There are 2 protein chains.
Amino acid sequence: MKINNEAIERLNSFGVKPSMQRLAVMTYLLKHRTHPTVEAIYLDLCSQIPTLSKTTVYNTVKLLVEQGAVAELTIDDKNLRYDSDISTHAHFKCCHCGYLCDIPVRKSTLLSVKKIGGLTVSESQLYYKGYCEKCSKLMEKI
Amino acid sequence: MKINNEAIERLNSFGVKPSMQRLAVMTYLLKHRTHPTVEAIYLDLCSQIPTLSKTTVYNTVKLLVEQGAVAELTIDDKNLRYDSDISTHAHFKCCHCGYLCDIPVRKSTLLSVKKIGGLTVSESQLYYKGYCEKCSKLMEKI
DNA sequence: ATTTAAAATTGTAATTATTACAATTGTGTA
DNA sequence: TACACAATTGTAATAATTACAATTTTAAAT
């Protein structure tokens, strides 16, 4: 996997000082829109950067999230997941097979910064849970 | 804490066979709308049921969630939280102090059962994250 | 009432994601 | 080249949750 310009630009525009590892993680997230876990990112990048430490991946995604360069999803109760798509959209997770995907949403539904009473909301997440097409059909048969 | 009728009715109407422990957990959740963790439920109920096991609390909340009698929140990356309010509403979490509260929401925003493409959505969760009133003011001073 | 089977509860051990932290390595500058 | 600082690494610790076997409780049948 080559480092792409989009990754460099993303880091720069969110004030993240680039490094080999950070660019690799950012590039990975931009390329793989699968909402990967730290484990998945780590395992895939290991072949490219054999000295990579899982701690570095943890440090990096934390930094990227803090700076707003990527989104952190808490849709799964097991692991945190990361998404380089920081535009307005929702997520669906199949509670049977774990399948996870994006769901388009009107911007008005998920406004990025607003006030609710005294609360300052900087981030909104809309999660849908249920059964994917495959698992729905499986359920009917049982 | 007395077991209340609402707890018995809730278990019955969601097909959960009642027991001392299940009623205690259900009653606790109906009374404490603080979105408690398993740990919190366990610690509070220990004085009432000294033989209570944390595993039982885990088993019970899992059962209640499966049957739809309570909602499970994944808003916090550390622990799962449980909510006996299964009506349409969103949640806010302060990412500085951890404060968690309910946010009213129009029913149309979070429809409880629908289809999106081939996906069968049985549950929607809307999470807001940011700073509570106290923490917002703290931030300004720094 | 007694026996019996099934279900619920308990306690302990295992698993796993994440964080803490100290040591090492890398980077940029004087 | 030397120095200070930041980033990375590896290991150990923490903590939430699950697995599982043993025990207790419940409910039904004799």
# chains A, B, ... in the order shown; residues from 1 in each chain; ligands from 1
>>> select_by_dssp(residues="chain B", states="strand (DSSP E or B)", output="PyMOL selection string")
chain B and resi 71-73+81-83+90-94+100-103+114-116+119-131
>>> interface_residues(of="chain D", to="chain B", cutoff="9 Å", atoms="only C-alpha atoms (C1' of nucleotides)", output="list in words")
DA15, DA16 and DT17 of chain D
>>> closest_atom_pairs(of="chain B", to="chain C", cutoff="10 Å", atoms="only C-alpha atoms (C1' of nucleotides)", output="JSON lines")
{"residue": "B:Ser19", "atom": "CA", "partner": "C:DA8", "partner_atom": "C1'", "distance": 8.4}
{"residue": "B:Gln21", "atom": "CA", "partner": "C:DT9", "partner_atom": "C1'", "distance": 8.9}
{"residue": "B:Thr51", "atom": "CA", "partner": "C:DT10", "partner_atom": "C1'", "distance": 8.2}
{"residue": "B:Leu52", "atom": "CA", "partner": "C:DT10", "partner_atom": "C1'", "distance": 7.8}
{"residue": "B:Ser53", "atom": "CA", "partner": "C:DT10", "partner_atom": "C1'", "distance": 5.9}
{"residue": "B:Lys54", "atom": "CA", "partner": "C:DT10", "partner_atom": "C1'", "distance": 8.8}
{"residue": "B:Thr55", "atom": "CA", "partner": "C:DT10", "partner_atom": "C1'", "distance": 7.6}
{"residue": "B:Thr56", "atom": "CA", "partner": "C:DT9", "partner_atom": "C1'", "distance": 6.5}
{"residue": "B:Asn59", "atom": "CA", "partner": "C:DT9", "partner_atom": "C1'", "distance": 9.7}
{"residue": "B:Lys78", "atom": "CA", "partner": "C:DT18", "partner_atom": "C1'", "distance": 9.1}
>>> interface_residues(of="chain A", to="chain B", cutoff="6 Å", atoms="only C-alpha atoms", output="list in words")
Thr74, Gly118, Leu119, Thr120, Val121, Ser122, Glu123, Ser124, Gln125, Leu126, Tyr127, Tyr128, Lys129, Gly130, Tyr131, Cys132 and Glu133 of chain A
>>> residues_around(residues="Asn12 (chain A)", least_positions_apart="5", cutoff="12 Å", atoms="only C-alpha atoms (C1' of nucleotides)", output="ChimeraX atom specification")
/A:5-7,17-19,22-23,26,64,67-69
>>> select_by_dssp(residues="chain A", states="helix (DSSP H, G or I)", output="PDB file with C-alpha atoms, in the first residue's frame")
ATOM      1  CA  ASN A   5      -1.749  12.388  -0.797  1.00  0.00           C
ATOM      2  CA  GLU A   6      -5.185  12.341   0.727  1.00  0.00           C
ATOM      3  CA  ALA A   7      -3.669  10.874   3.901  1.00  0.00           C
ATOM      4  CA  ILE A   8      -0.979  13.562   4.085  1.00  0.00           C
ATOM      5  CA  GLU A   9      -3.565  16.267   3.499  1.00  0.00           C
ATOM      6  CA  ARG A  10      -5.908  14.802   6.090  1.00  0.00           C
ATOM      7  CA  LEU A  11      -3.185  14.763   8.738  1.00  0.00           C
ATOM      8  CA  ASN A  12      -2.068  18.281   7.864  1.00  0.00           C
ATOM      9  CA  SER A  13      -5.512  19.814   7.844  1.00  0.00           C
ATOM     10  CA  MET A  20       5.518   6.691   8.774  1.00  0.00           C
ATOM     11  CA  GLN A  21       3.141   4.983  11.156  1.00  0.00           C
ATOM     12  CA  ARG A  22       0.539   7.742  11.227  1.00  0.00           C
ATOM     13  CA  LEU A  23       0.487   7.963   7.455  1.00  0.00           C
ATOM     14  CA  ALA A  24       0.163   4.199   7.194  1.00  0.00           C
ATOM     15  CA  VAL A  25      -2.814   4.149   9.576  1.00  0.00           C
ATOM     16  CA  MET A  26      -4.456   7.151   7.895  1.00  0.00           C
ATOM     17  CA  THR A  27      -3.890   5.669   4.433  1.00  0.00           C
ATOM     18  CA  TYR A  28      -5.294   2.351   5.615  1.00  0.00           C
ATOM     19  CA  LEU A  29      -8.432   3.970   6.982  1.00  0.00           C
ATOM     20  CA  LEU A  30      -8.965   6.015   3.827  1.00  0.00           C
ATOM     21  CA  LYS A  31      -8.627   2.908   1.669  1.00  0.00           C
ATOM     22  CA  VAL A  38      -7.333  -1.617  16.007  1.00  0.00           C
ATOM     23  CA  GLU A  39      -6.584  -5.337  15.750  1.00  0.00           C
ATOM     24  CA  ALA A  40      -7.522  -5.388  12.060  1.00  0.00           C
ATOM     25  CA  ILE A  41      -5.500  -2.279  11.257  1.00  0.00           C
ATOM     26  CA  TYR A  42      -2.531  -3.686  13.146  1.00  0.00           C
ATOM     27  CA  LEU A  43      -2.606  -7.107  11.497  1.00  0.00           C
ATOM     28  CA  ASP A  44      -2.909  -5.668   7.992  1.00  0.00           C
ATOM     29  CA  LEU A  45      -0.151  -3.093   8.458  1.00  0.00           C
ATOM     30  CA  CYS A  46       2.266  -5.552  10.040  1.00  0.00           C
ATOM     31  CA  LYS A  54      -0.101  -2.421  18.472  1.00  0.00           C
ATOM     32  CA  THR A  55       0.356   0.322  21.044  1.00  0.00           C
ATOM     33  CA  THR A  56       1.318   2.662  18.217  1.00  0.00           C
ATOM     34  CA  VAL A  57      -1.911   1.859  16.412  1.00  0.00           C
ATOM     35  CA  TYR A  58      -3.833   2.576  19.623  1.00  0.00           C
ATOM     36  CA  ASN A  59      -1.911   5.819  20.122  1.00  0.00           C
ATOM     37  CA  THR A  60      -2.429   6.851  16.526  1.00  0.00           C
ATOM     38  CA  VAL A  61      -6.163   6.250  16.265  1.00  0.00           C
ATOM     39  CA  LYS A  62      -6.629   8.028  19.593  1.00  0.00           C
ATOM     40  CA  LEU A  63      -4.712  11.029  18.273  1.00  0.00           C
ATOM     41  CA  LEU A  64      -6.608  11.016  14.987  1.00  0.00           C
ATOM     42  CA  VAL A  65      -9.924  10.920  16.829  1.00  0.00           C
ATOM     43  CA  GLU A  66      -8.915  13.699  19.236  1.00  0.00           C
ATOM     44  CA  GLU A 133     -30.527  -9.352   4.311  1.00  0.00           C
ATOM     45  CA  LYS A 134     -28.812 -12.753   4.615  1.00  0.00           C
ATOM     46  CA  CYS A 135     -29.545 -13.157   8.320  1.00  0.00           C
ATOM     47  CA  SER A 136     -33.152 -11.967   7.906  1.00  0.00           C
ATOM     48  CA  LYS A 137     -33.745 -14.797   5.459  1.00  0.00           C
ATOM     49  CA  LEU A 138     -32.015 -17.286   7.751  1.00  0.00           C
ATOM     50  CA  MET A 139     -34.282 -16.218  10.613  1.00  0.00           C
ATOM     51  CA  GLU A 140     -37.444 -16.783   8.548  1.00  0.00           C
ATOM     52  CA  LYS A 141     -36.454 -20.390   7.839  1.00  0.00           C
TER      53      LYS A 141
END
